[in-house]
>>> print(open('input_39.cif').read())   # mmCIF, N, CA and C atoms
data_model
loop_
_atom_site.label_atom_id
_atom_site.label_comp_id
_atom_site.auth_asym_id
_atom_site.auth_seq_id
_atom_site.Cartn_x
_atom_site.Cartn_y
_atom_site.Cartn_z
N MET A 1 107.04 -10.64 -8.66
CA MET A 1 108.21 -9.84 -8.35
C MET A 1 108.00 -9.23 -6.97
N THR A 2 108.97 -9.42 -6.10
CA THR A 2 108.85 -8.89 -4.75
C THR A 2 109.44 -7.49 -4.68
N ALA A 3 108.91 -6.73 -3.75
CA ALA A 3 109.40 -5.36 -3.58
C ALA A 3 110.75 -5.39 -2.88
N LYS A 4 111.57 -4.41 -3.20
CA LYS A 4 112.89 -4.32 -2.59
C LYS A 4 112.74 -3.92 -1.12
N LYS A 5 113.46 -4.62 -0.24
CA LYS A 5 113.37 -4.32 1.18
C LYS A 5 113.98 -2.97 1.46
N ARG A 6 113.39 -2.27 2.43
CA ARG A 6 113.89 -0.96 2.83
C ARG A 6 114.51 -1.07 4.20
N GLY A 7 115.33 -0.10 4.54
CA GLY A 7 115.94 -0.08 5.87
C GLY A 7 117.40 -0.48 5.83
N ARG A 8 117.92 -0.76 6.99
CA ARG A 8 119.34 -1.11 7.10
C ARG A 8 119.59 -2.50 6.52
N PRO A 9 120.70 -2.67 5.84
CA PRO A 9 121.01 -4.00 5.31
C PRO A 9 121.37 -4.93 6.46
N PRO A 10 121.24 -6.23 6.25
CA PRO A 10 121.53 -7.18 7.33
C PRO A 10 122.99 -7.14 7.78
N THR A 11 123.87 -6.59 6.96
CA THR A 11 125.28 -6.51 7.35
C THR A 11 125.49 -5.45 8.42
N GLY A 12 124.56 -4.52 8.57
CA GLY A 12 124.66 -3.48 9.58
C GLY A 12 125.65 -2.38 9.23
N LYS A 13 126.07 -2.29 7.97
CA LYS A 13 127.08 -1.31 7.58
C LYS A 13 126.52 0.09 7.35
N ALA A 14 125.26 0.19 6.99
CA ALA A 14 124.68 1.50 6.71
C ALA A 14 124.39 2.21 8.03
N ALA A 15 124.89 3.43 8.16
CA ALA A 15 124.70 4.19 9.39
C ALA A 15 123.50 5.12 9.27
N THR A 16 122.85 5.34 10.39
CA THR A 16 121.76 6.32 10.41
C THR A 16 122.38 7.71 10.45
N GLY A 17 121.55 8.73 10.29
CA GLY A 17 122.04 10.11 10.33
C GLY A 17 122.69 10.43 11.66
N ALA A 18 122.08 9.99 12.76
CA ALA A 18 122.63 10.26 14.09
C ALA A 18 123.98 9.59 14.28
N GLU A 19 124.11 8.38 13.74
CA GLU A 19 125.40 7.68 13.86
C GLU A 19 126.49 8.38 13.05
N ARG A 20 126.13 8.92 11.89
CA ARG A 20 127.10 9.66 11.09
C ARG A 20 127.57 10.91 11.82
N VAL A 21 126.63 11.63 12.42
CA VAL A 21 126.96 12.85 13.17
C VAL A 21 127.85 12.51 14.35
N GLN A 22 127.52 11.45 15.05
CA GLN A 22 128.31 11.03 16.20
C GLN A 22 129.75 10.68 15.78
N ARG A 23 129.89 9.97 14.67
CA ARG A 23 131.22 9.61 14.16
C ARG A 23 131.99 10.86 13.74
N PHE A 24 131.30 11.81 13.08
CA PHE A 24 131.94 13.05 12.65
C PHE A 24 132.44 13.85 13.84
N ARG A 25 131.62 13.96 14.89
CA ARG A 25 132.02 14.71 16.08
C ARG A 25 133.18 14.04 16.80
N ALA A 26 133.19 12.72 16.85
CA ALA A 26 134.29 11.99 17.48
C ALA A 26 135.59 12.22 16.71
N LYS A 27 135.51 12.21 15.37
CA LYS A 27 136.71 12.47 14.56
C LYS A 27 137.22 13.89 14.77
N ALA A 28 136.30 14.85 14.83
CA ALA A 28 136.70 16.24 15.04
C ALA A 28 137.35 16.40 16.40
N LYS A 29 136.83 15.71 17.40
CA LYS A 29 137.40 15.80 18.74
C LYS A 29 138.80 15.18 18.78
N ASN A 30 138.97 14.06 18.07
CA ASN A 30 140.29 13.41 18.02
C ASN A 30 141.31 14.25 17.26
N ASP A 31 140.85 15.02 16.29
CA ASP A 31 141.75 15.88 15.50
C ASP A 31 142.05 17.19 16.23
N GLY A 32 141.51 17.35 17.41
CA GLY A 32 141.72 18.59 18.16
C GLY A 32 140.90 19.74 17.61
N GLY A 33 139.83 19.44 16.90
CA GLY A 33 138.98 20.48 16.34
C GLY A 33 139.62 21.21 15.18
N LYS A 34 140.62 20.62 14.55
CA LYS A 34 141.34 21.29 13.46
C LYS A 34 140.73 21.04 12.10
N ARG A 35 139.65 20.31 12.05
CA ARG A 35 139.01 20.01 10.78
C ARG A 35 138.00 21.11 10.46
N LEU A 36 137.98 21.51 9.22
CA LEU A 36 137.04 22.54 8.79
C LEU A 36 136.41 22.12 7.47
N ASP A 37 135.12 22.00 7.47
CA ASP A 37 134.39 21.68 6.25
C ASP A 37 133.72 22.95 5.75
N LEU A 38 133.94 23.25 4.48
CA LEU A 38 133.39 24.46 3.89
C LEU A 38 132.25 24.11 2.94
N VAL A 39 131.25 24.94 2.95
CA VAL A 39 130.17 24.84 1.98
C VAL A 39 130.16 26.17 1.24
N LEU A 40 130.40 26.11 -0.05
CA LEU A 40 130.51 27.33 -0.85
C LEU A 40 129.31 27.46 -1.77
N ASP A 41 128.83 28.69 -1.91
CA ASP A 41 127.76 28.93 -2.87
C ASP A 41 128.38 29.07 -4.27
N ARG A 42 127.55 29.19 -5.27
CA ARG A 42 128.04 29.22 -6.66
C ARG A 42 128.98 30.39 -6.92
N GLY A 43 128.67 31.55 -6.36
CA GLY A 43 129.52 32.73 -6.55
C GLY A 43 130.90 32.53 -5.95
N ALA A 44 130.96 31.91 -4.78
CA ALA A 44 132.24 31.66 -4.13
C ALA A 44 133.07 30.65 -4.92
N VAL A 45 132.41 29.65 -5.47
CA VAL A 45 133.12 28.66 -6.29
C VAL A 45 133.69 29.33 -7.53
N ASP A 46 132.90 30.20 -8.17
CA ASP A 46 133.38 30.92 -9.36
C ASP A 46 134.59 31.79 -9.02
N ALA A 47 134.52 32.50 -7.89
CA ALA A 47 135.64 33.34 -7.46
C ALA A 47 136.87 32.51 -7.16
N LEU A 48 136.67 31.34 -6.55
CA LEU A 48 137.79 30.45 -6.24
C LEU A 48 138.43 29.93 -7.53
N LEU A 49 137.62 29.62 -8.52
CA LEU A 49 138.16 29.15 -9.80
C LEU A 49 138.97 30.24 -10.49
N VAL A 50 138.55 31.49 -10.38
CA VAL A 50 139.31 32.61 -10.95
C VAL A 50 140.65 32.73 -10.25
N CYS A 51 140.65 32.62 -8.91
CA CYS A 51 141.91 32.68 -8.15
C CYS A 51 142.85 31.54 -8.55
N ILE A 52 142.29 30.35 -8.72
CA ILE A 52 143.11 29.20 -9.12
C ILE A 52 143.72 29.45 -10.49
N GLY A 53 142.91 30.02 -11.39
CA GLY A 53 143.42 30.32 -12.73
C GLY A 53 144.52 31.37 -12.70
N ALA A 54 144.40 32.35 -11.82
CA ALA A 54 145.40 33.42 -11.73
C ALA A 54 146.68 32.95 -11.07
N HIS A 55 146.58 31.98 -10.18
CA HIS A 55 147.75 31.46 -9.45
C HIS A 55 147.90 29.99 -9.76
N SER A 56 148.28 29.68 -10.96
CA SER A 56 148.31 28.29 -11.41
C SER A 56 149.33 27.43 -10.66
N GLY A 57 150.29 28.04 -10.00
CA GLY A 57 151.29 27.26 -9.28
C GLY A 57 150.83 26.83 -7.90
N MET A 58 149.64 27.26 -7.48
CA MET A 58 149.14 26.94 -6.14
C MET A 58 148.01 25.92 -6.23
N THR A 59 147.89 25.14 -5.16
CA THR A 59 146.78 24.19 -5.10
C THR A 59 145.56 24.88 -4.49
N THR A 60 144.43 24.25 -4.65
CA THR A 60 143.19 24.80 -4.10
C THR A 60 143.29 24.94 -2.59
N SER A 61 143.85 23.95 -1.92
CA SER A 61 143.94 24.00 -0.46
C SER A 61 144.85 25.14 0.00
N GLU A 62 145.90 25.43 -0.75
CA GLU A 62 146.77 26.55 -0.39
C GLU A 62 146.03 27.89 -0.50
N ILE A 63 145.27 28.05 -1.57
CA ILE A 63 144.53 29.30 -1.77
C ILE A 63 143.46 29.45 -0.69
N VAL A 64 142.70 28.40 -0.44
CA VAL A 64 141.66 28.46 0.58
C VAL A 64 142.28 28.69 1.96
N GLY A 65 143.41 28.05 2.23
CA GLY A 65 144.09 28.25 3.51
C GLY A 65 144.50 29.69 3.72
N GLN A 66 145.05 30.31 2.70
CA GLN A 66 145.44 31.71 2.80
C GLN A 66 144.23 32.62 3.00
N LEU A 67 143.15 32.32 2.28
CA LEU A 67 141.94 33.13 2.44
C LEU A 67 141.38 33.01 3.86
N LEU A 68 141.41 31.81 4.41
CA LEU A 68 140.90 31.61 5.76
C LEU A 68 141.78 32.30 6.80
N GLN A 69 143.11 32.27 6.59
CA GLN A 69 144.02 32.95 7.51
C GLN A 69 143.77 34.46 7.49
N ARG A 70 143.60 35.02 6.30
CA ARG A 70 143.34 36.46 6.19
C ARG A 70 142.01 36.83 6.86
N GLU A 71 141.01 35.97 6.68
CA GLU A 71 139.71 36.23 7.30
C GLU A 71 139.82 36.15 8.82
N ALA A 72 140.59 35.19 9.34
CA ALA A 72 140.78 35.07 10.79
C ALA A 72 141.49 36.29 11.33
N GLU A 73 142.50 36.78 10.63
CA GLU A 73 143.21 37.98 11.06
C GLU A 73 142.29 39.20 11.05
N ARG A 74 141.44 39.28 10.03
CA ARG A 74 140.50 40.40 9.95
C ARG A 74 139.51 40.37 11.10
N LEU A 75 139.04 39.17 11.45
CA LEU A 75 138.09 39.05 12.54
C LEU A 75 138.73 39.36 13.89
N LYS A 76 140.01 39.02 14.06
CA LYS A 76 140.72 39.32 15.30
C LYS A 76 140.90 40.82 15.46
N ALA A 77 141.10 41.52 14.34
CA ALA A 77 141.34 42.96 14.36
C ALA A 77 140.08 43.74 14.73
N GLU A 78 138.93 43.16 14.50
CA GLU A 78 137.67 43.88 14.77
C GLU A 78 137.35 43.93 16.24
#
>>> encode(input="input_39.cif", output="structure tokens")
Amino acid sequence: MTAKKRGRPPTGKAATGAERVQRFRAKAKNDGGKRLDLVLDRGAVDALLVCIGAHSGMTTSEIVGQLLQREAERLKAE
């Protein structure tokens, strides 16, 4: 039984970490920097789920959008 080969497949489809970062930055530049990726800790996810439960007519993106707008306004006021 031979060992499984490691590294990039011969098709060349798998990107390295640097290539992924480069692609991500190019996409962000093309979008005019309007893309925002959030990383939430467990407490923030729990709070977001409570908000979603309280406002069942809203989508997650609407709730997060409003929270981000309020935070931006708060930061501008400081």
>>> atom_distance(input="input_39.cif", atom1="atom CA of A:Leu49", atom2="atom N of A:Ala72")
20.2 Å
>>> atom_distance(input="input_39.cif", atom1="atom CA of A:Glu78", atom2="atom CA of A:Gln66")
18.8 Å
>>> closest_residue(input="input_39.cif", among="A:Ala3, A:Arg70, A:Gly17, A:Ile63", to="A:Val50", atoms="only C-alpha atoms")
A:Ile63
>>> atom_distance(input="input_39.cif", atom1="atom CA of A:Ala44", atom2="atom CA of A:Val64")
11.0 Å
>>> axis_aligned_box(input="input_39.cif", around="stretch 42-61 of chain A", padding_each_side="8 Å", output="JSON")
{"center_x": 139.4, "center_y": 28.7, "center_z": -6.4, "size_x": 39.7, "size_y": 25.5, "size_z": 28.7}
